[in-house]
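Visitor: The structure follows.
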Amino acid sequence: MKFLKLLLVLVVFQVQAQQGGMWIPSLLKGTNEKEMKALGMKISADDIYSVNNSSLKDAVPHFDGGCTAEMISPKGLLLTNHHCGYDNIQSHSTVENDYLTNGFWAYKMDEELPNKDLTVTFIIKIEDVTTKIFEGVLNLPSESDKQKKIQQNIAALNKSYAREAWQETMIRAFYDGNQYLLFVTETFKDVRLVGAPPSSIGKFGSDTDNWVWPRHTGDFSLFRIYADKNNRPADYSKDNVPYKPKHFFPVSAKGIQENDFTMVMGYPGRTQEYLPSFAVEQIVNDLNPAKIEIRDAALKVQDGFMRKDNAIKIQYASKYAGVANYWKKWIGETKGLKKSNAVAVKKDFEKKFQERVNKAGKQAEYGTILADFEKNYKDIREYAIARDYFTEVVLRNSEILSFGYRLYQLEQVYNTKGEQAFNDRKNNLISGFEGLYKDYSAQVDEKVFEQLINLYATKSPKQFLPESLNNINASALTASVFGSSKLTNLNSLKELLNGDAKSVLERLNQDKGYQLVKSIADSYQKNVAPKFDEINLKNIALQRTYMKGIMEFFPNDRIFPDANSTLRVTYGKVKGYKPSDAVIYEPVSYLDGVIEKYIPGDYEFDVPKKLIDLYNAKDYGRYADKNGKMPLAFIATNHTTGGNSGSPALDAKGNLIGLNFDRVWEGTMSDIYYSPEICRNIMVDARYILFVIDKFAGAKNLIEEMTIVYPKSQKAK
């Protein structure tokens, strides 16, 4: 009997202590809160999200639209990843004053550097508005009509919703369009660079170590938010003052142990957890391999130039990192999906789904969903492949083609909206091109173009190719384009754009670079985009109905909404893992690993002399662990994705114990299929961040404005 009671307790604990998922912070009460407490959390759901009182959400802003950050002082001090602040660090860097290589530290507030167009957005309130968004929608005859009405309702509610003058609203779909939430936000526009370690710390391991455990990257940077005298958002001004956050995180120097509770809050970008098996098969077999091959070719060219020329390295550092990030992610994602048998798991779930549909007698509503998915994904395959080739080659990785496509869009504006709209867009384009050409090398792009245009002509579905790419000689085409096109130089591009619309378009259409872009874009817009959009719209409608069915027939499952760049909470435990046979990874890495990987002069694995000296002297200040070692990073079972970069990793009491910056390679599949067995997020240990700020940079001013929680064995600050 005692054994039975113990078994029941263990079963209940396991049910309550599940991990993974990306949960809406305003909806944690109930099952989520019980799970979190079963895992060890010591605070309440109200401590995490509250409208009327200070809560953890008030310390977690969206950073620059693509990352997360956290407040760590009452004076607006903000912590995020080094790679999230990279563009801004780069923008202040020159060959003579290279903050990427040497780092940057402001020892006084008047030394902090303003950043044009950098924004930080806080969530003030979350409200369910599903009923209002669906008004007049459900009885419309077609999916396009429904989507149009939904967008009209969203626009109307955004306009009419009551809020303060300095606040904004945004409305996002959840559960594939079965739920809509409204977010009231405040966006701050005066955000200044405070501190960044050199890339040999903040980007240590660079692309070789990216997505790999163990990691030894001190991936952090510091900024400060400034506000007007009323603590409200304001454009940059010398009269602005440091922002006073409603909440900021104490920083814990107490450390972590395996199986400790961890919680990550942030803005995960996009996941597709509920895709049918047919879609996942297409990703694994067709789409990921194509994108990987394209980026692999581009990266090899760029890397060769960056290793030889420091000026090119500065120009391309941020672009290269962005391209490499998802290139390696897709490789790991494919590997993880195969290793975990994700397609088979989804097929098993689909079998159960169909059985429950039949048992409930709801074949009319749900009975053909899976068959329709199978047909649609078969029909869309060639169009999806062609779409990815166009996106990866023309829009993302060949700069001359991406510049040309912007000009192609300018011509379309003239054709559809006339000369005034053309001139407005042209002026904006010229302004934007100034920044783009600052970090452009025609020498690099020429070699990238040659590789990618050959892939486009030989690997993209041939039935969709323009005449200009049939049976080409890639080398000859490259020489012709780069030998004559005015798109390779900012000044010559400005000459092309000088004058009225008619003369500009006449000159553009005589340029060989533009002619090529236009032929590719015309072919794509005519032969690929319409059919892809048509089939994809069918899949969107099917996915919404499928999601509705999942929630209806699996009411006791942990069904969380896919990521959509809105604030989420995920929770788990500090945990090692077993990536393959006879290999076990421990959950913590140390500074020792940096020294083990050290390669003098290598741009990925060089180490600053001062860091080596601190290591040799074991001069870690108050931040070493109980064994006298310097912890650097740790892993846990939190379910994260792109957008969670810079997210705070919190302990059971809501103290900052780390800074999320990556996932393990085998676990990048979590965007499509999360498994607590191998999915791990990677975080910089807060102790290493404090150590670098204090002992390496000597920025005592920053340490003094934080609230630091030390171990009981040390005197509290």
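How things are named: the first chain in the structure tokens is A, the next is B, and so on; residues count from 1 in each chain; ligands count from 1 in the order shown.
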Considering only C-alpha atoms, tabulate each residue of stretch 420-463 of chain A that lies at most 9 Å from stretch 284-301 of chain A along with its nearest interatomic pair and the corresponding distance in Å to one decimal; arrange the rows by chain and ascending residue number and present them as a Markdown table.
Guide:
```
| residue | atom | partner | partner_atom | distance |
| --- | --- | --- | --- | --- |
| A:Val444 | CA | A:Val301 | CA | 7.2 |
| A:Asp445 | CA | A:Val301 | CA | 8.7 |
| A:Lys447 | CA | A:Val301 | CA | 6.6 |
| A:Val448 | CA | A:Ala298 | CA | 5.3 |
| A:Phe449 | CA | A:Ala298 | CA | 8.2 |
| A:Gln451 | CA | A:Ala297 | CA | 6.5 |
| A:Leu452 | CA | A:Ile294 | CA | 6.5 |
| A:Leu455 | CA | A:Ile294 | CA | 7.2 |
| A:Tyr456 | CA | A:Ile294 | CA | 8.7 |
| A:Lys459 | CA | A:Ala290 | CA | 8.3 |
| A:Ser460 | CA | A:Ala290 | CA | 8.8 |
```
Visitor: Those residues you just picked out, can you put them in a file as an mmCIF file, in the first residue's frame with C-alpha atoms?
Guide:
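For reference, result_35.cif as written:
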```
data_model
loop_
_atom_site.group_PDB
_atom_site.id
_atom_site.type_symbol
_atom_site.label_atom_id
_atom_site.label_comp_id
_atom_site.auth_asym_id
_atom_site.auth_seq_id
_atom_site.Cartn_x
_atom_site.Cartn_y
_atom_site.Cartn_z
ATOM 1 C CA VAL A 444 33.588 40.011 -52.207
ATOM 2 C CA ASP A 445 30.122 40.161 -53.722
ATOM 3 C CA LYS A 447 32.764 35.965 -55.982
ATOM 4 C CA VAL A 448 29.618 35.250 -53.963
ATOM 5 C CA PHE A 449 27.441 36.101 -56.977
ATOM 6 C CA GLN A 451 28.783 30.812 -56.858
ATOM 7 C CA LEU A 452 25.127 31.550 -56.156
ATOM 8 C CA LEU A 455 23.367 27.259 -58.032
ATOM 9 C CA TYR A 456 20.224 29.167 -58.986
ATOM 10 C CA LYS A 459 19.423 23.630 -58.858
ATOM 11 C CA SER A 460 16.228 25.718 -58.792
#
```
Visitor: What's around A:Gly698 at 12 Å? Count only C-alpha atoms, leave out sequence neighbours fewer than 4 positions away in its own chain, and write the answer as a CSV table (one decimal) with N, CA and C atoms, in the first residue's frame.
Guide:
```
chain,number,residue,atom,x,y,z
A,104,PHE,N,34.4,47.9,-25.6
A,104,PHE,CA,34.1,49.3,-25.3
A,104,PHE,C,33.5,49.3,-23.9
A,105,TRP,N,33.9,50.3,-23.1
A,105,TRP,CA,33.3,50.4,-21.7
A,105,TRP,C,33.2,51.9,-21.4
A,106,ALA,N,32.0,52.3,-21.0
A,106,ALA,CA,31.7,53.6,-20.5
A,106,ALA,C,31.9,53.7,-19.0
A,107,TYR,N,32.8,54.4,-18.5
A,107,TYR,CA,33.1,54.4,-17.1
A,107,TYR,C,32.3,55.6,-16.4
A,195,GLY,N,28.5,49.1,-22.6
A,195,GLY,CA,29.7,48.2,-22.5
A,195,GLY,C,29.6,47.0,-23.4
A,197,PRO,N,32.3,43.5,-24.3
A,197,PRO,CA,33.6,42.9,-24.3
A,197,PRO,C,34.2,42.8,-25.7
A,610,LYS,N,44.9,39.9,-21.0
A,610,LYS,CA,44.5,40.2,-19.7
A,610,LYS,C,43.6,39.0,-19.1
A,621,GLY,N,38.0,37.2,-8.3
A,621,GLY,CA,37.2,38.0,-7.4
A,621,GLY,C,36.2,37.2,-6.6
A,690,LEU,N,29.6,39.1,-14.6
A,690,LEU,CA,30.1,40.0,-13.5
A,690,LEU,C,31.6,40.0,-13.5
A,691,PHE,N,32.2,38.8,-13.6
A,691,PHE,CA,33.7,38.7,-13.6
A,691,PHE,C,34.3,39.6,-14.8
A,692,VAL,N,33.7,39.5,-16.0
A,692,VAL,CA,34.3,40.2,-17.1
A,692,VAL,C,34.1,41.7,-16.9
A,693,ILE,N,32.9,42.1,-16.4
A,693,ILE,CA,32.7,43.6,-16.1
A,693,ILE,C,33.6,44.1,-15.1
A,694,ASP,N,33.8,43.3,-14.0
A,694,ASP,CA,34.5,43.7,-12.8
A,694,ASP,C,36.0,43.6,-13.0
A,702,LEU,N,29.6,50.0,-13.0
A,702,LEU,CA,28.4,49.2,-13.4
A,702,LEU,C,28.1,48.2,-12.3
A,703,ILE,N,29.1,47.6,-11.7
A,703,ILE,CA,28.9,46.7,-10.7
A,703,ILE,C,28.2,47.3,-9.5
A,704,GLU,N,28.5,48.6,-9.2
A,704,GLU,CA,28.0,49.3,-8.1
A,704,GLU,C,26.5,49.6,-8.2
```
Visitor: Nearest to A:Thr368 among A:Tyr440, A:Phe390, A:Phe422, A:Tyr546, with distances taken over only C-alpha atoms: which residue is it?
Guide: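 The answer is A:Tyr546, which sits nearest to A:Thr368.
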Visitor: Quick one: residues within 12 Å of A:Cys67, only C-alpha atoms counted, chain neighbours fewer than 4 positions away excluded, as JSON, numbers by chain?
Guide: {"A": [60, 61, 62, 63, 79, 80, 81, 82, 83, 84, 85, 86, 118, 119, 120, 121, 265, 266, 267, 268, 269, 565, 566, 567, 640, 641, 642, 643, 644, 645, 646, 647, 648, 659, 660, 661, 662]}
Visitor: List the spatial neighbours of stretch 520-532 of chain A as a PyMOL selection string - criterion: any atom at most 8 Å away, only C-alpha atoms, same-chain residues fewer than 3 positions off excluded.
Guide: chain A and resi 380+383-384+386-387+390+405+408+464-466+468+516-517+535-536
Visitor: Please report the interatomic distance between atom CA of A:Ile48 and atom CA of A:Met22 in Å with one decimal.
Guide: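 Calculated distance between atom CA of A:Ile48 and atom CA of A:Met22 is 14.3 Å.
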Visitor: Please report, as an NGL selection string, each residue of stretch 73-309 of chain A to which DSSP assigns strand (DSSP E or B) when run on this structure's backbone.
Guide: :A and (77-80 or 104-105 or 113-114 or 120-128 or 168-174 or 179-188 or 190-196 or 221-227 or 241-242 or 251-252 or 261-266)
Visitor: Grab the atom CA of A:Thr169 to atom CA of A:Val184 distance for me, in Å with one decimal place.
Guide: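 Taking atom CA of A:Thr169 and atom CA of A:Val184, their separation equals 4.6 Å.
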Visitor: Env of A:Asp619: 8 Å cut, atoms = only C-alpha atoms, seq-sep filter 4 positions within chain, self excluded. Answer as number ranges by chain.
Guide: A: 614-615, 695
Visitor: Write out, as a PDB file, in the first residue's frame, the residues just selected, with N, CA and C atoms.
Guide:
```
ATOM      1  N   LEU A 614      44.444  36.814 -15.826  1.00  0.00           N
ATOM      2  CA  LEU A 614      43.484  36.594 -14.742  1.00  0.00           C
ATOM      3  C   LEU A 614      43.287  35.101 -14.495  1.00  0.00           C
ATOM      4  N   TYR A 615      43.253  34.332 -15.572  1.00  0.00           N
ATOM      5  CA  TYR A 615      43.100  32.883 -15.443  1.00  0.00           C
ATOM      6  C   TYR A 615      44.316  32.268 -14.746  1.00  0.00           C
ATOM      7  N   LYS A 695      36.462  42.350 -13.154  1.00  0.00           N
ATOM      8  CA  LYS A 695      37.891  42.068 -13.129  1.00  0.00           C
ATOM      9  C   LYS A 695      38.580  42.335 -14.465  1.00  0.00           C
TER      10      LYS A 695
END
```
Visitor: Would you mind reading off the distance between atom CA of A:Ile133 and atom CA of A:Gln543, one decimal, in Å?
Guide: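 If I compute the distance from atom CA of A:Ile133 to atom CA of A:Gln543, I get 18.4 Å.
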Visitor: So that I can check the surroundings of A:Gln152, please list as a list in words every protein, DNA and RNA residue that reaches within 12 Å of it, counting only C-alpha atoms and ignoring chain neighbours fewer than 5 positions away.
Guide: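 Returned residues: Lys132, Ile133, Phe134, Glu135, Gly136, Val137, Asp145, Lys146, Gln147, Leu157, Asn158, Lys159 and Ile171 of chain A.
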Visitor: List the spatial neighbours of stretch 671-676 of chain A as a ChimeraX atom specification - criterion: any atom at most 10 Å away, only C-alpha atoms, same-chain residues fewer than 6 positions off excluded.
Guide: /A:18-21,268-275,280,283,333,336-337,340-343,345-346,562-563,572-573,575,577,636-642
Visitor: Write the residues of the selection above to a file with C-alpha atoms, as an mmCIF file, in the first residue's frame.
Guide:
```cif
data_model
loop_
_atom_site.group_PDB
_atom_site.id
_atom_site.type_symbol
_atom_site.label_atom_id
_atom_site.label_comp_id
_atom_site.auth_asym_id
_atom_site.auth_seq_id
_atom_site.Cartn_x
_atom_site.Cartn_y
_atom_site.Cartn_z
ATOM 1 C CA GLN A 18 6.664 18.773 -17.256
ATOM 2 C CA GLN A 19 9.066 20.988 -19.157
ATOM 3 C CA GLY A 20 9.132 22.826 -22.467
ATOM 4 C CA GLY A 21 6.523 24.976 -24.145
ATOM 5 C CA PRO A 268 10.771 33.822 -29.367
ATOM 6 C CA GLY A 269 10.418 34.555 -33.076
ATOM 7 C CA ARG A 270 8.828 31.630 -34.873
ATOM 8 C CA THR A 271 8.123 27.969 -34.243
ATOM 9 C CA GLN A 272 6.027 25.396 -36.128
ATOM 10 C CA GLU A 273 5.327 22.762 -33.503
ATOM 11 C CA TYR A 274 2.051 21.536 -35.006
ATOM 12 C CA LEU A 275 3.043 21.072 -38.635
ATOM 13 C CA VAL A 280 8.274 18.171 -41.864
ATOM 14 C CA ILE A 283 11.659 20.573 -44.707
ATOM 15 C CA GLU A 333 17.665 20.982 -37.108
ATOM 16 C CA GLY A 336 17.826 16.435 -34.763
ATOM 17 C CA LEU A 337 14.590 15.757 -36.639
ATOM 18 C CA SER A 340 14.351 11.930 -32.897
ATOM 19 C CA ASN A 341 12.237 10.304 -35.622
ATOM 20 C CA ALA A 342 10.058 13.403 -35.609
ATOM 21 C CA VAL A 343 8.225 12.460 -38.801
ATOM 22 C CA VAL A 345 6.179 10.649 -34.097
ATOM 23 C CA LYS A 346 3.951 13.063 -36.005
ATOM 24 C CA ASP A 562 3.626 28.691 -31.559
ATOM 25 C CA ALA A 563 6.106 31.521 -31.135
ATOM 26 C CA GLY A 572 12.771 23.661 -17.102
ATOM 27 C CA LYS A 573 15.856 22.486 -15.268
ATOM 28 C CA LYS A 575 20.469 19.490 -17.177
ATOM 29 C CA TYR A 577 22.342 15.431 -22.013
ATOM 30 C CA ALA A 636 18.942 23.667 -19.376
ATOM 31 C CA THR A 637 15.723 22.249 -20.808
ATOM 32 C CA ASN A 638 14.068 25.613 -21.480
ATOM 33 C CA HIS A 639 12.277 25.732 -24.848
ATOM 34 C CA THR A 640 13.787 28.657 -26.767
ATOM 35 C CA THR A 641 14.327 29.810 -30.334
ATOM 36 C CA GLY A 642 15.538 32.803 -32.336
#
```
Visitor: May I ask which of the residues A:Thr131, A:Leu77, A:Lys125, A:Ile314 is the closest one to A:Tyr603, counting only C-alpha atoms?
Guide: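 Comparing A:Thr131, A:Leu77, A:Lys125, A:Ile314 against A:Tyr603, the winner is A:Ile314.
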Visitor: Looking at only C-alpha atoms, which of A:Tyr175, A:Asn470, A:Leu193, A:Val607 is the one that sits closest to A:Met551?
Guide: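 Between A:Tyr175, A:Asn470, A:Leu193, A:Val607, the residue approaching A:Met551 most closely is A:Tyr175.
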